[in-house]
Amino acid sequence: MGMLVFSRSAFWALFFYIALTLSPALAEQFLKGQAVIQTPAGQQLRLKVEYAISVAQREQGLMGRTKLGPNDGMVFDFGDSRNVLMWMKNTPLPLDMLFIDEKGVVTGVAARTKPYSEDLIPSPGPVRYVIELNGGRAQALGIGPGSMVTQGIAPPP
C-alpha cells in the first residue's frame, strides 16, 4: 500500500510540475504592430502594440506582465461597438485604458488603474477598441478624448 501511495503522490507531483512548466508555452501569442495616434494638439505618436483579438487573448490581455515599454501597449478589438467592462485582475502594472470608437476616436481614458483590482472599469459609451498603456502615459503624451488613432488600430494582415 505504501508503494501505491508514493506512486499517486509522485504522479500528482509530476503532473503539477509539467503543468506549471508548460503554462508559459501555452500562453496566448499576440500579433505585433504599430499604432499611430494623433493628439488634439496635432502631435503624432507611434506606439508598439500587440493585438488582443480572440476571446482568449482579450481575457489574458496584459495579465502577469511586469514590464511594459514607455511607448508599448495592447489593442483590444471587440469586433463591433458595444459597452465594454475592463478589469485589472492579475495585472501587476498600473495601466491607462484608452476607450476608442469604431472610427478610431478616443472617447475616454481610465487613468492609472489599480493593479490586481477586480473592480470593473466601464467604457464611457459604446466602443470597439481599448488600448492599454503604462499608467500615466496618456497624460504624459497628451492623449485624451478627441485623440485619433490614424493607423494600426487593426492588426496587420
# chains A, B, ... in the order shown; residues from 1 in each chain; ligands from 1

call {"tool": "residues_around", "arguments": {"residues": "Met63 in chain A", "least_positions_apart": "3", "cutoff": "12 Å", "atoms": "only C-alpha atoms", "output": "VMD selection string"}}
result
chain A and resid 27 to 28 56 to 60 66 to 68 74 87 to 95 115 to 117 132

call {"tool": "write_last_selection", "arguments": {"atoms": "N, CA and C atoms", "output": "short mmCIF file (atom, residue, chain, number, x, y, z; two decimals), in the first residue's frame"}}
result
data_model
loop_
_atom_site.label_atom_id
_atom_site.label_comp_id
_atom_site.auth_asym_id
_atom_site.auth_seq_id
_atom_site.Cartn_x
_atom_site.Cartn_y
_atom_site.Cartn_z
N ALA A 27 0.59 30.08 -23.15
CA ALA A 27 0.06 31.43 -23.12
C ALA A 27 -0.27 31.87 -24.54
N GLU A 28 -1.26 32.74 -24.64
CA GLU A 28 -1.67 33.24 -25.95
C GLU A 28 -0.52 34.00 -26.62
N ALA A 56 -9.93 34.53 -25.98
CA ALA A 56 -8.85 34.08 -25.09
C ALA A 56 -7.77 35.16 -24.95
N GLN A 57 -7.43 35.83 -26.04
CA GLN A 57 -6.42 36.89 -25.98
C GLN A 57 -6.92 38.07 -25.16
N ARG A 58 -8.20 38.45 -25.36
CA ARG A 58 -8.76 39.57 -24.59
C ARG A 58 -8.83 39.22 -23.11
N GLU A 59 -9.13 37.96 -22.80
CA GLU A 59 -9.18 37.54 -21.39
C GLU A 59 -7.79 37.59 -20.76
N GLN A 60 -6.76 37.22 -21.51
CA GLN A 60 -5.39 37.23 -20.98
C GLN A 60 -4.84 38.64 -20.91
N THR A 66 5.11 42.17 -16.03
CA THR A 66 5.76 43.01 -15.02
C THR A 66 6.49 44.18 -15.65
N LYS A 67 6.57 44.20 -16.99
CA LYS A 67 7.24 45.29 -17.70
C LYS A 67 6.45 45.63 -18.95
N LEU A 68 6.43 46.91 -19.27
CA LEU A 68 5.83 47.39 -20.50
C LEU A 68 6.62 48.64 -20.87
N MET A 74 -1.27 47.51 -25.74
CA MET A 74 -2.05 46.40 -26.27
C MET A 74 -3.38 46.94 -26.76
N TRP A 87 -11.01 45.11 -16.49
CA TRP A 87 -10.57 44.96 -15.11
C TRP A 87 -9.09 44.72 -15.08
N MET A 88 -8.53 44.68 -13.88
CA MET A 88 -7.08 44.58 -13.70
C MET A 88 -6.67 43.29 -13.00
N LYS A 89 -7.54 42.30 -12.97
CA LYS A 89 -7.24 41.05 -12.29
C LYS A 89 -5.90 40.49 -12.78
N ASN A 90 -5.05 40.11 -11.85
CA ASN A 90 -3.73 39.51 -12.13
C ASN A 90 -2.83 40.40 -12.99
N THR A 91 -3.07 41.70 -12.96
CA THR A 91 -2.25 42.64 -13.74
C THR A 91 -1.45 43.49 -12.76
N PRO A 92 -0.12 43.26 -12.68
CA PRO A 92 0.69 43.95 -11.67
C PRO A 92 1.05 45.40 -11.99
N LEU A 93 0.83 45.84 -13.22
CA LEU A 93 1.19 47.20 -13.61
C LEU A 93 -0.02 48.12 -13.60
N PRO A 94 0.10 49.35 -13.12
CA PRO A 94 -0.99 50.31 -13.32
C PRO A 94 -1.05 50.64 -14.81
N LEU A 95 -2.24 50.76 -15.34
CA LEU A 95 -2.40 51.00 -16.78
C LEU A 95 -3.31 52.19 -17.02
N PRO A 115 -3.53 48.17 -9.92
CA PRO A 115 -3.07 46.80 -10.15
C PRO A 115 -3.85 45.78 -9.32
N TYR A 116 -4.09 44.63 -9.92
CA TYR A 116 -4.74 43.47 -9.31
C TYR A 116 -6.21 43.68 -8.95
N SER A 117 -6.76 44.84 -9.22
CA SER A 117 -8.15 45.11 -8.83
C SER A 117 -9.12 44.31 -9.69
N GLU A 132 -4.40 49.68 -24.03
CA GLU A 132 -3.82 49.79 -22.70
C GLU A 132 -2.36 50.23 -22.82
#

call {"tool": "residues_around", "arguments": {"residues": "range 134-139 of chain A", "least_positions_apart": "4", "cutoff": "8 Å", "atoms": "only C-alpha atoms", "output": "list of chain:residue names"}}
result
A:Leu68, A:Gly69, A:Pro70, A:Asp72, A:Gly73, A:Leu93, A:Pro94, A:Leu95, A:Asp96, A:Val109, A:Ala111, A:Arg112, A:Thr113, A:Ile143, A:Gly144

call {"tool": "write_last_selection", "arguments": {"atoms": "N, CA and C atoms", "output": "PDB file, in the first residue's frame"}}
result
ATOM      1  N   LEU A  68       6.435  46.907 -19.266  1.00  0.00           N
ATOM      2  CA  LEU A  68       5.831  47.393 -20.498  1.00  0.00           C
ATOM      3  C   LEU A  68       6.615  48.641 -20.866  1.00  0.00           C
ATOM      4  N   GLY A  69       7.136  48.675 -22.079  1.00  0.00           N
ATOM      5  CA  GLY A  69       7.934  49.823 -22.506  1.00  0.00           C
ATOM      6  C   GLY A  69       7.126  51.110 -22.484  1.00  0.00           C
ATOM      7  N   PRO A  70       7.799  52.262 -22.465  1.00  0.00           N
ATOM      8  CA  PRO A  70       7.098  53.542 -22.346  1.00  0.00           C
ATOM      9  C   PRO A  70       6.152  53.831 -23.509  1.00  0.00           C
ATOM     10  N   ASP A  72       4.849  51.234 -25.449  1.00  0.00           N
ATOM     11  CA  ASP A  72       4.264  49.934 -25.788  1.00  0.00           C
ATOM     12  C   ASP A  72       2.828  49.889 -25.283  1.00  0.00           C
ATOM     13  N   GLY A  73       2.023  49.060 -25.927  1.00  0.00           N
ATOM     14  CA  GLY A  73       0.641  48.920 -25.489  1.00  0.00           C
ATOM     15  C   GLY A  73      -0.006  47.687 -26.076  1.00  0.00           C
ATOM     16  N   LEU A  93       0.827  45.842 -13.222  1.00  0.00           N
ATOM     17  CA  LEU A  93       1.194  47.204 -13.610  1.00  0.00           C
ATOM     18  C   LEU A  93      -0.023  48.122 -13.600  1.00  0.00           C
ATOM     19  N   PRO A  94       0.099  49.353 -13.117  1.00  0.00           N
ATOM     20  CA  PRO A  94      -0.994  50.306 -13.319  1.00  0.00           C
ATOM     21  C   PRO A  94      -1.048  50.645 -14.806  1.00  0.00           C
ATOM     22  N   LEU A  95      -2.236  50.756 -15.343  1.00  0.00           N
ATOM     23  CA  LEU A  95      -2.400  50.998 -16.777  1.00  0.00           C
ATOM     24  C   LEU A  95      -3.314  52.187 -17.023  1.00  0.00           C
ATOM     25  N   ASP A  96      -3.152  52.805 -18.198  1.00  0.00           N
ATOM     26  CA  ASP A  96      -4.133  53.733 -18.742  1.00  0.00           C
ATOM     27  C   ASP A  96      -4.904  52.964 -19.801  1.00  0.00           C
ATOM     28  N   VAL A 109     -10.689  58.016 -21.193  1.00  0.00           N
ATOM     29  CA  VAL A 109      -9.460  57.416 -20.661  1.00  0.00           C
ATOM     30  C   VAL A 109      -9.697  57.047 -19.197  1.00  0.00           C
ATOM     31  N   ALA A 111      -7.466  56.410 -16.259  1.00  0.00           N
ATOM     32  CA  ALA A 111      -6.050  56.666 -15.974  1.00  0.00           C
ATOM     33  C   ALA A 111      -5.578  55.933 -14.725  1.00  0.00           C
ATOM     34  N   ARG A 112      -4.357  55.420 -14.824  1.00  0.00           N
ATOM     35  CA  ARG A 112      -3.665  54.804 -13.677  1.00  0.00           C
ATOM     36  C   ARG A 112      -4.557  53.819 -12.919  1.00  0.00           C
ATOM     37  N   THR A 113      -5.056  52.842 -13.634  1.00  0.00           N
ATOM     38  CA  THR A 113      -5.912  51.843 -13.000  1.00  0.00           C
ATOM     39  C   THR A 113      -5.134  51.081 -11.932  1.00  0.00           C
ATOM     40  N   ILE A 143      -2.530  62.361 -24.730  1.00  0.00           N
ATOM     41  CA  ILE A 143      -3.633  61.586 -25.307  1.00  0.00           C
ATOM     42  C   ILE A 143      -4.855  61.722 -24.404  1.00  0.00           C
ATOM     43  N   GLY A 144      -5.962  62.110 -25.002  1.00  0.00           N
ATOM     44  CA  GLY A 144      -7.207  62.244 -24.260  1.00  0.00           C
ATOM     45  C   GLY A 144      -8.375  62.160 -25.216  1.00  0.00           C
TER      46      GLY A 144
END

call {"tool": "atom_distance", "arguments": {"atom1": "CA of Gly64 in chain A", "atom2": "CA of Phe30 in chain A"}}
result
14.6 Å

call {"tool": "select_by_dssp", "arguments": {"residues": "range 11-136 of chain A", "states": "strand (DSSP E)", "output": "number ranges by chain"}}
result
A: 31-38, 44-52, 72-82, 85-86, 95-100, 106-110, 121-122, 127-134

call {"tool": "write_last_selection", "arguments": {"atoms": "C-alpha atoms", "output": "CSV table (one decimal), in the first residue's frame"}}
result
chain,number,residue,atom,x,y,z
A,31,LEU,CA,0.3,39.7,-33.3
A,32,LYS,CA,2.5,42.8,-33.1
A,33,GLY,CA,2.4,46.0,-35.0
A,34,GLN,CA,2.5,49.8,-34.7
A,35,ALA,CA,-0.3,52.2,-34.0
A,36,VAL,CA,-0.2,55.9,-34.6
A,37,ILE,CA,-2.2,58.3,-32.5
A,38,GLN,CA,-2.8,62.0,-33.3
A,44,GLN,CA,1.7,62.2,-34.0
A,45,LEU,CA,2.7,59.4,-31.5
A,46,ARG,CA,3.9,56.0,-32.6
A,47,LEU,CA,3.2,53.0,-30.3
A,48,LYS,CA,4.5,49.4,-30.5
A,49,VAL,CA,1.4,47.3,-29.9
A,50,GLU,CA,0.2,43.8,-29.5
A,51,TYR,CA,-3.3,42.9,-30.7
A,52,ALA,CA,-5.8,41.0,-28.4
A,72,ASP,CA,4.3,49.9,-25.8
A,73,GLY,CA,0.6,48.9,-25.5
A,74,MET,CA,-2.0,46.4,-26.3
A,75,VAL,CA,-5.0,46.9,-28.6
A,76,PHE,CA,-8.2,45.1,-27.6
A,77,ASP,CA,-10.6,44.6,-30.6
A,78,PHE,CA,-14.1,43.7,-29.7
A,79,GLY,CA,-15.3,43.2,-33.3
A,80,ASP,CA,-18.1,45.8,-33.1
A,81,SER,CA,-19.1,48.8,-31.0
A,82,ARG,CA,-20.5,48.0,-27.6
A,85,LEU,CA,-16.1,46.4,-19.0
A,86,MET,CA,-12.4,46.0,-18.3
A,95,LEU,CA,-2.4,51.0,-16.8
A,96,ASP,CA,-4.1,53.7,-18.7
A,97,MET,CA,-7.1,52.5,-20.8
A,98,LEU,CA,-8.0,54.4,-23.9
A,99,PHE,CA,-11.6,53.8,-25.0
A,100,ILE,CA,-11.9,54.1,-28.8
A,106,VAL,CA,-10.6,58.2,-28.2
A,107,THR,CA,-13.9,58.8,-26.3
A,108,GLY,CA,-12.5,58.4,-22.8
A,109,VAL,CA,-9.5,57.4,-20.7
A,110,ALA,CA,-9.3,55.4,-17.4
A,121,ILE,CA,-13.9,49.7,-15.4
A,122,PRO,CA,-16.7,50.7,-17.8
A,127,VAL,CA,-16.5,51.4,-28.2
A,128,ARG,CA,-14.9,48.9,-30.5
A,129,TYR,CA,-11.3,49.2,-29.2
A,130,VAL,CA,-9.4,49.7,-26.0
A,131,ILE,CA,-5.7,50.4,-25.9
A,132,GLU,CA,-3.8,49.8,-22.7
A,133,LEU,CA,-0.6,51.8,-21.9
A,134,ASN,CA,1.6,52.2,-18.9

call {"tool": "select_by_dssp", "arguments": {"residues": "range 4-155 of chain A", "states": "alpha helix (DSSP H)", "output": "PDB file with N, CA and C atoms, in the first residue's frame"}}
result
ATOM      1  N   LEU A   4       1.860   2.251  -3.445  1.00  0.00           N
ATOM      2  CA  LEU A   4       0.754   2.829  -4.188  1.00  0.00           C
ATOM      3  C   LEU A   4       0.574   4.299  -3.810  1.00  0.00           C
ATOM      4  N   VAL A   5       0.644   4.611  -2.535  1.00  0.00           N
ATOM      5  CA  VAL A   5       0.525   5.994  -2.084  1.00  0.00           C
ATOM      6  C   VAL A   5       1.672   6.823  -2.655  1.00  0.00           C
ATOM      7  N   PHE A   6       2.882   6.303  -2.618  1.00  0.00           N
ATOM      8  CA  PHE A   6       4.017   7.013  -3.181  1.00  0.00           C
ATOM      9  C   PHE A   6       3.798   7.247  -4.668  1.00  0.00           C
ATOM     10  N   SER A   7       3.302   6.239  -5.362  1.00  0.00           N
ATOM     11  CA  SER A   7       3.091   6.371  -6.802  1.00  0.00           C
ATOM     12  C   SER A   7       2.071   7.454  -7.105  1.00  0.00           C
ATOM     13  N   ARG A   8       0.994   7.513  -6.337  1.00  0.00           N
ATOM     14  CA  ARG A   8      -0.006   8.564  -6.552  1.00  0.00           C
ATOM     15  C   ARG A   8       0.599   9.936  -6.274  1.00  0.00           C
ATOM     16  N   SER A   9       1.350  10.038  -5.196  1.00  0.00           N
ATOM     17  CA  SER A   9       1.983  11.316  -4.860  1.00  0.00           C
ATOM     18  C   SER A   9       2.964  11.729  -5.951  1.00  0.00           C
ATOM     19  N   ALA A  10       3.746  10.770  -6.412  1.00  0.00           N
ATOM     20  CA  ALA A  10       4.716  11.057  -7.474  1.00  0.00           C
ATOM     21  C   ALA A  10       3.996  11.471  -8.752  1.00  0.00           C
ATOM     22  N   PHE A  11       2.893  10.799  -9.067  1.00  0.00           N
ATOM     23  CA  PHE A  11       2.118  11.141 -10.261  1.00  0.00           C
ATOM     24  C   PHE A  11       1.634  12.585 -10.185  1.00  0.00           C
ATOM     25  N   TRP A  12       1.021  12.961  -9.053  1.00  0.00           N
ATOM     26  CA  TRP A  12       0.482  14.314  -8.925  1.00  0.00           C
ATOM     27  C   TRP A  12       1.592  15.358  -8.907  1.00  0.00           C
ATOM     28  N   ALA A  13       2.691  15.046  -8.282  1.00  0.00           N
ATOM     29  CA  ALA A  13       3.824  15.977  -8.282  1.00  0.00           C
ATOM     30  C   ALA A  13       4.326  16.195  -9.707  1.00  0.00           C
ATOM     31  N   LEU A  14       4.462  15.117 -10.463  1.00  0.00           N
ATOM     32  CA  LEU A  14       4.902  15.215 -11.851  1.00  0.00           C
ATOM     33  C   LEU A  14       3.878  15.974 -12.691  1.00  0.00           C
ATOM     34  N   PHE A  15       2.598  15.682 -12.480  1.00  0.00           N
ATOM     35  CA  PHE A  15       1.528  16.355 -13.218  1.00  0.00           C
ATOM     36  C   PHE A  15       1.610  17.874 -13.012  1.00  0.00           C
ATOM     37  N   PHE A  16       1.695  18.311 -11.750  1.00  0.00           N
ATOM     38  CA  PHE A  16       1.739  19.746 -11.470  1.00  0.00           C
ATOM     39  C   PHE A  16       3.036  20.378 -11.958  1.00  0.00           C
ATOM     40  N   TYR A  17       4.139  19.655 -11.896  1.00  0.00           N
ATOM     41  CA  TYR A  17       5.406  20.173 -12.409  1.00  0.00           C
ATOM     42  C   TYR A  17       5.295  20.430 -13.912  1.00  0.00           C
ATOM     43  N   ILE A  18       4.756  19.459 -14.628  1.00  0.00           N
ATOM     44  CA  ILE A  18       4.607  19.609 -16.082  1.00  0.00           C
ATOM     45  C   ILE A  18       3.641  20.741 -16.399  1.00  0.00           C
ATOM     46  N   ALA A  19       2.515  20.800 -15.694  1.00  0.00           N
ATOM     47  CA  ALA A  19       1.525  21.848 -15.948  1.00  0.00           C
ATOM     48  C   ALA A  19       2.120  23.234 -15.720  1.00  0.00           C
ATOM     49  N   LEU A  20       2.859  23.402 -14.642  1.00  0.00           N
ATOM     50  CA  LEU A  20       3.456  24.707 -14.354  1.00  0.00           C
ATOM     51  C   LEU A  20       4.578  25.049 -15.317  1.00  0.00           C
ATOM     52  N   THR A  21       5.324  24.048 -15.743  1.00  0.00           N
ATOM     53  CA  THR A  21       6.420  24.269 -16.676  1.00  0.00           C
ATOM     54  C   THR A  21       5.903  24.653 -18.055  1.00  0.00           C
ATOM     55  N   LEU A  22       4.813  24.039 -18.484  1.00  0.00           N
ATOM     56  CA  LEU A  22       4.290  24.298 -19.820  1.00  0.00           C
ATOM     57  C   LEU A  22       3.399  25.526 -19.890  1.00  0.00           C
ATOM     58  N   SER A  23       2.915  26.030 -18.769  1.00  0.00           N
ATOM     59  CA  SER A  23       1.940  27.115 -18.817  1.00  0.00           C
ATOM     60  C   SER A  23       2.423  28.335 -19.596  1.00  0.00           C
ATOM     61  N   PRO A  24       3.688  28.801 -19.490  1.00  0.00           N
ATOM     62  CA  PRO A  24       4.101  29.918 -20.330  1.00  0.00           C
ATOM     63  C   PRO A  24       4.055  29.570 -21.816  1.00  0.00           C
ATOM     64  N   ALA A  25       4.340  28.330 -22.157  1.00  0.00           N
ATOM     65  CA  ALA A  25       4.303  27.930 -23.561  1.00  0.00           C
ATOM     66  C   ALA A  25       2.876  27.915 -24.083  1.00  0.00           C
ATOM     67  N   LEU A  26       1.907  27.722 -23.183  1.00  0.00           N
ATOM     68  CA  LEU A  26       0.510  27.684 -23.592  1.00  0.00           C
ATOM     69  C   LEU A  26      -0.128  29.063 -23.584  1.00  0.00           C
ATOM     70  N   VAL A  55     -11.275  35.934 -28.022  1.00  0.00           N
ATOM     71  CA  VAL A  55     -11.777  35.987 -26.646  1.00  0.00           C
ATOM     72  C   VAL A  55     -10.664  35.602 -25.673  1.00  0.00           C
ATOM     73  N   ALA A  56      -9.929  34.534 -25.982  1.00  0.00           N
ATOM     74  CA  ALA A  56      -8.847  34.081 -25.094  1.00  0.00           C
ATOM     75  C   ALA A  56      -7.768  35.158 -24.950  1.00  0.00           C
ATOM     76  N   GLN A  57      -7.426  35.826 -26.042  1.00  0.00           N
ATOM     77  CA  GLN A  57      -6.417  36.892 -25.980  1.00  0.00           C
ATOM     78  C   GLN A  57      -6.925  38.072 -25.159  1.00  0.00           C
ATOM     79  N   ARG A  58      -8.198  38.449 -25.364  1.00  0.00           N
ATOM     80  CA  ARG A  58      -8.755  39.565 -24.590  1.00  0.00           C
ATOM     81  C   ARG A  58      -8.830  39.219 -23.109  1.00  0.00           C
ATOM     82  N   GLU A  59      -9.130  37.956 -22.797  1.00  0.00           N
ATOM     83  CA  GLU A  59      -9.176  37.543 -21.390  1.00  0.00           C
ATOM     84  C   GLU A  59      -7.788  37.590 -20.757  1.00  0.00           C
ATOM     85  N   GLN A  60      -6.760  37.220 -21.514  1.00  0.00           N
ATOM     86  CA  GLN A  60      -5.393  37.230 -20.980  1.00  0.00           C
ATOM     87  C   GLN A  60      -4.844  38.643 -20.907  1.00  0.00           C
ATOM     88  N   ARG A 137       0.912  57.341 -18.920  1.00  0.00           N
ATOM     89  CA  ARG A 137       1.456  57.666 -20.246  1.00  0.00           C
ATOM     90  C   ARG A 137       0.490  58.507 -21.078  1.00  0.00           C
ATOM     91  N   ALA A 138      -0.814  58.256 -20.961  1.00  0.00           N
ATOM     92  CA  ALA A 138      -1.774  59.024 -21.764  1.00  0.00           C
ATOM     93  C   ALA A 138      -1.624  60.515 -21.462  1.00  0.00           C
ATOM     94  N   GLN A 139      -1.612  60.868 -20.189  1.00  0.00           N
ATOM     95  CA  GLN A 139      -1.461  62.271 -19.810  1.00  0.00           C
ATOM     96  C   GLN A 139      -0.098  62.803 -20.252  1.00  0.00           C
ATOM     97  N   ALA A 140       0.956  62.034 -20.027  1.00  0.00           N
ATOM     98  CA  ALA A 140       2.307  62.477 -20.391  1.00  0.00           C
ATOM     99  C   ALA A 140       2.437  62.728 -21.892  1.00  0.00           C
ATOM    100  N   LEU A 141       1.729  61.935 -22.697  1.00  0.00           N
ATOM    101  CA  LEU A 141       1.813  62.065 -24.155  1.00  0.00           C
ATOM    102  C   LEU A 141       0.756  63.003 -24.727  1.00  0.00           C
TER     103      LEU A 141
END

call {"tool": "atom_distance", "arguments": {"atom1": "CA of Ile53 in chain A", "atom2": "CA of Pro145 in chain A"}}
result
23.3 Å

call {"tool": "atom_distance", "arguments": {"atom1": "CA of Thr150 in chain A", "atom2": "CA of Leu62 in chain A"}}
result
23.3 Å

call {"tool": "decode", "arguments": {"residues": "range 19-111 of chain A", "atoms": "C-alpha atoms", "output": "PDB file, in the first residue's frame"}}
result
ATOM      1  CA  ALA A  19       1.525  21.848 -15.948  1.00  0.00           C
ATOM      2  CA  LEU A  20       3.456  24.707 -14.354  1.00  0.00           C
ATOM      3  CA  THR A  21       6.420  24.269 -16.676  1.00  0.00           C
ATOM      4  CA  LEU A  22       4.290  24.298 -19.820  1.00  0.00           C
ATOM      5  CA  SER A  23       1.940  27.115 -18.817  1.00  0.00           C
ATOM      6  CA  PRO A  24       4.101  29.918 -20.330  1.00  0.00           C
ATOM      7  CA  ALA A  25       4.303  27.930 -23.561  1.00  0.00           C
ATOM      8  CA  LEU A  26       0.510  27.684 -23.592  1.00  0.00           C
ATOM      9  CA  ALA A  27       0.057  31.433 -23.118  1.00  0.00           C
ATOM     10  CA  GLU A  28      -1.667  33.237 -25.951  1.00  0.00           C
ATOM     11  CA  GLN A  29       0.556  34.587 -28.716  1.00  0.00           C
ATOM     12  CA  PHE A  30      -0.244  38.110 -29.892  1.00  0.00           C
ATOM     13  CA  LEU A  31       0.292  39.703 -33.307  1.00  0.00           C
ATOM     14  CA  LYS A  32       2.527  42.758 -33.103  1.00  0.00           C
ATOM     15  CA  GLY A  33       2.371  46.017 -34.986  1.00  0.00           C
ATOM     16  CA  GLN A  34       2.482  49.777 -34.710  1.00  0.00           C
ATOM     17  CA  ALA A  35      -0.318  52.221 -33.957  1.00  0.00           C
ATOM     18  CA  VAL A  36      -0.205  55.945 -34.650  1.00  0.00           C
ATOM     19  CA  ILE A  37      -2.238  58.326 -32.500  1.00  0.00           C
ATOM     20  CA  GLN A  38      -2.777  61.988 -33.311  1.00  0.00           C
ATOM     21  CA  THR A  39      -3.443  64.173 -30.279  1.00  0.00           C
ATOM     22  CA  PRO A  40      -5.861  67.130 -30.365  1.00  0.00           C
ATOM     23  CA  ALA A  41      -2.727  69.348 -30.397  1.00  0.00           C
ATOM     24  CA  GLY A  42      -1.668  67.681 -33.679  1.00  0.00           C
ATOM     25  CA  GLN A  43       1.219  65.614 -32.309  1.00  0.00           C
ATOM     26  CA  GLN A  44       1.720  62.191 -33.967  1.00  0.00           C
ATOM     27  CA  LEU A  45       2.676  59.413 -31.547  1.00  0.00           C
ATOM     28  CA  ARG A  46       3.927  55.967 -32.553  1.00  0.00           C
ATOM     29  CA  LEU A  47       3.240  53.021 -30.272  1.00  0.00           C
ATOM     30  CA  LYS A  48       4.476  49.434 -30.483  1.00  0.00           C
ATOM     31  CA  VAL A  49       1.374  47.341 -29.871  1.00  0.00           C
ATOM     32  CA  GLU A  50       0.194  43.787 -29.514  1.00  0.00           C
ATOM     33  CA  TYR A  51      -3.307  42.853 -30.666  1.00  0.00           C
ATOM     34  CA  ALA A  52      -5.801  41.020 -28.443  1.00  0.00           C
ATOM     35  CA  ILE A  53      -8.423  39.851 -30.922  1.00  0.00           C
ATOM     36  CA  SER A  54      -9.750  36.466 -29.823  1.00  0.00           C
ATOM     37  CA  VAL A  55     -11.777  35.987 -26.646  1.00  0.00           C
ATOM     38  CA  ALA A  56      -8.847  34.081 -25.094  1.00  0.00           C
ATOM     39  CA  GLN A  57      -6.417  36.892 -25.980  1.00  0.00           C
ATOM     40  CA  ARG A  58      -8.755  39.565 -24.590  1.00  0.00           C
ATOM     41  CA  GLU A  59      -9.176  37.543 -21.390  1.00  0.00           C
ATOM     42  CA  GLN A  60      -5.393  37.230 -20.980  1.00  0.00           C
ATOM     43  CA  GLY A  61      -4.507  40.778 -22.007  1.00  0.00           C
ATOM     44  CA  LEU A  62      -1.553  42.091 -20.020  1.00  0.00           C
ATOM     45  CA  MET A  63      -2.130  39.779 -17.045  1.00  0.00           C
ATOM     46  CA  GLY A  64       1.115  38.758 -15.401  1.00  0.00           C
ATOM     47  CA  ARG A  65       3.252  41.299 -17.266  1.00  0.00           C
ATOM     48  CA  THR A  66       5.756  43.010 -15.023  1.00  0.00           C
ATOM     49  CA  LYS A  67       7.243  45.292 -17.700  1.00  0.00           C
ATOM     50  CA  LEU A  68       5.831  47.393 -20.498  1.00  0.00           C
ATOM     51  CA  GLY A  69       7.934  49.823 -22.506  1.00  0.00           C
ATOM     52  CA  PRO A  70       7.098  53.542 -22.346  1.00  0.00           C
ATOM     53  CA  ASN A  71       5.551  53.511 -25.838  1.00  0.00           C
ATOM     54  CA  ASP A  72       4.264  49.934 -25.788  1.00  0.00           C
ATOM     55  CA  GLY A  73       0.641  48.920 -25.489  1.00  0.00           C
ATOM     56  CA  MET A  74      -2.049  46.395 -26.265  1.00  0.00           C
ATOM     57  CA  VAL A  75      -5.025  46.904 -28.586  1.00  0.00           C
ATOM     58  CA  PHE A  76      -8.218  45.058 -27.644  1.00  0.00           C
ATOM     59  CA  ASP A  77     -10.567  44.646 -30.629  1.00  0.00           C
ATOM     60  CA  PHE A  78     -14.131  43.720 -29.654  1.00  0.00           C
ATOM     61  CA  GLY A  79     -15.254  43.245 -33.276  1.00  0.00           C
ATOM     62  CA  ASP A  80     -18.112  45.752 -33.073  1.00  0.00           C
ATOM     63  CA  SER A  81     -19.113  48.763 -30.997  1.00  0.00           C
ATOM     64  CA  ARG A  82     -20.532  47.991 -27.562  1.00  0.00           C
ATOM     65  CA  ASN A  83     -20.282  48.998 -23.939  1.00  0.00           C
ATOM     66  CA  VAL A  84     -17.283  47.160 -22.500  1.00  0.00           C
ATOM     67  CA  LEU A  85     -16.102  46.382 -18.994  1.00  0.00           C
ATOM     68  CA  MET A  86     -12.387  46.024 -18.289  1.00  0.00           C
ATOM     69  CA  TRP A  87     -10.571  44.963 -15.110  1.00  0.00           C
ATOM     70  CA  MET A  88      -7.081  44.580 -13.696  1.00  0.00           C
ATOM     71  CA  LYS A  89      -7.239  41.045 -12.287  1.00  0.00           C
ATOM     72  CA  ASN A  90      -3.733  39.510 -12.135  1.00  0.00           C
ATOM     73  CA  THR A  91      -2.249  42.637 -13.738  1.00  0.00           C
ATOM     74  CA  PRO A  92       0.685  43.949 -11.670  1.00  0.00           C
ATOM     75  CA  LEU A  93       1.194  47.204 -13.610  1.00  0.00           C
ATOM     76  CA  PRO A  94      -0.994  50.306 -13.319  1.00  0.00           C
ATOM     77  CA  LEU A  95      -2.400  50.998 -16.777  1.00  0.00           C
ATOM     78  CA  ASP A  96      -4.133  53.733 -18.742  1.00  0.00           C
ATOM     79  CA  MET A  97      -7.061  52.462 -20.800  1.00  0.00           C
ATOM     80  CA  LEU A  98      -7.974  54.407 -23.933  1.00  0.00           C
ATOM     81  CA  PHE A  99     -11.586  53.765 -24.985  1.00  0.00           C
ATOM     82  CA  ILE A 100     -11.886  54.144 -28.761  1.00  0.00           C
ATOM     83  CA  ASP A 101     -14.929  54.168 -31.049  1.00  0.00           C
ATOM     84  CA  GLU A 102     -15.194  52.378 -34.404  1.00  0.00           C
ATOM     85  CA  LYS A 103     -13.813  55.456 -36.227  1.00  0.00           C
ATOM     86  CA  GLY A 104     -10.645  55.450 -34.105  1.00  0.00           C
ATOM     87  CA  VAL A 105     -11.583  58.415 -31.898  1.00  0.00           C
ATOM     88  CA  VAL A 106     -10.616  58.242 -28.219  1.00  0.00           C
ATOM     89  CA  THR A 107     -13.854  58.788 -26.287  1.00  0.00           C
ATOM     90  CA  GLY A 108     -12.469  58.371 -22.771  1.00  0.00           C
ATOM     91  CA  VAL A 109      -9.460  57.416 -20.661  1.00  0.00           C
ATOM     92  CA  ALA A 110      -9.324  55.398 -17.443  1.00  0.00           C
ATOM     93  CA  ALA A 111      -6.050  56.666 -15.974  1.00  0.00           C
TER      94      ALA A 111
END
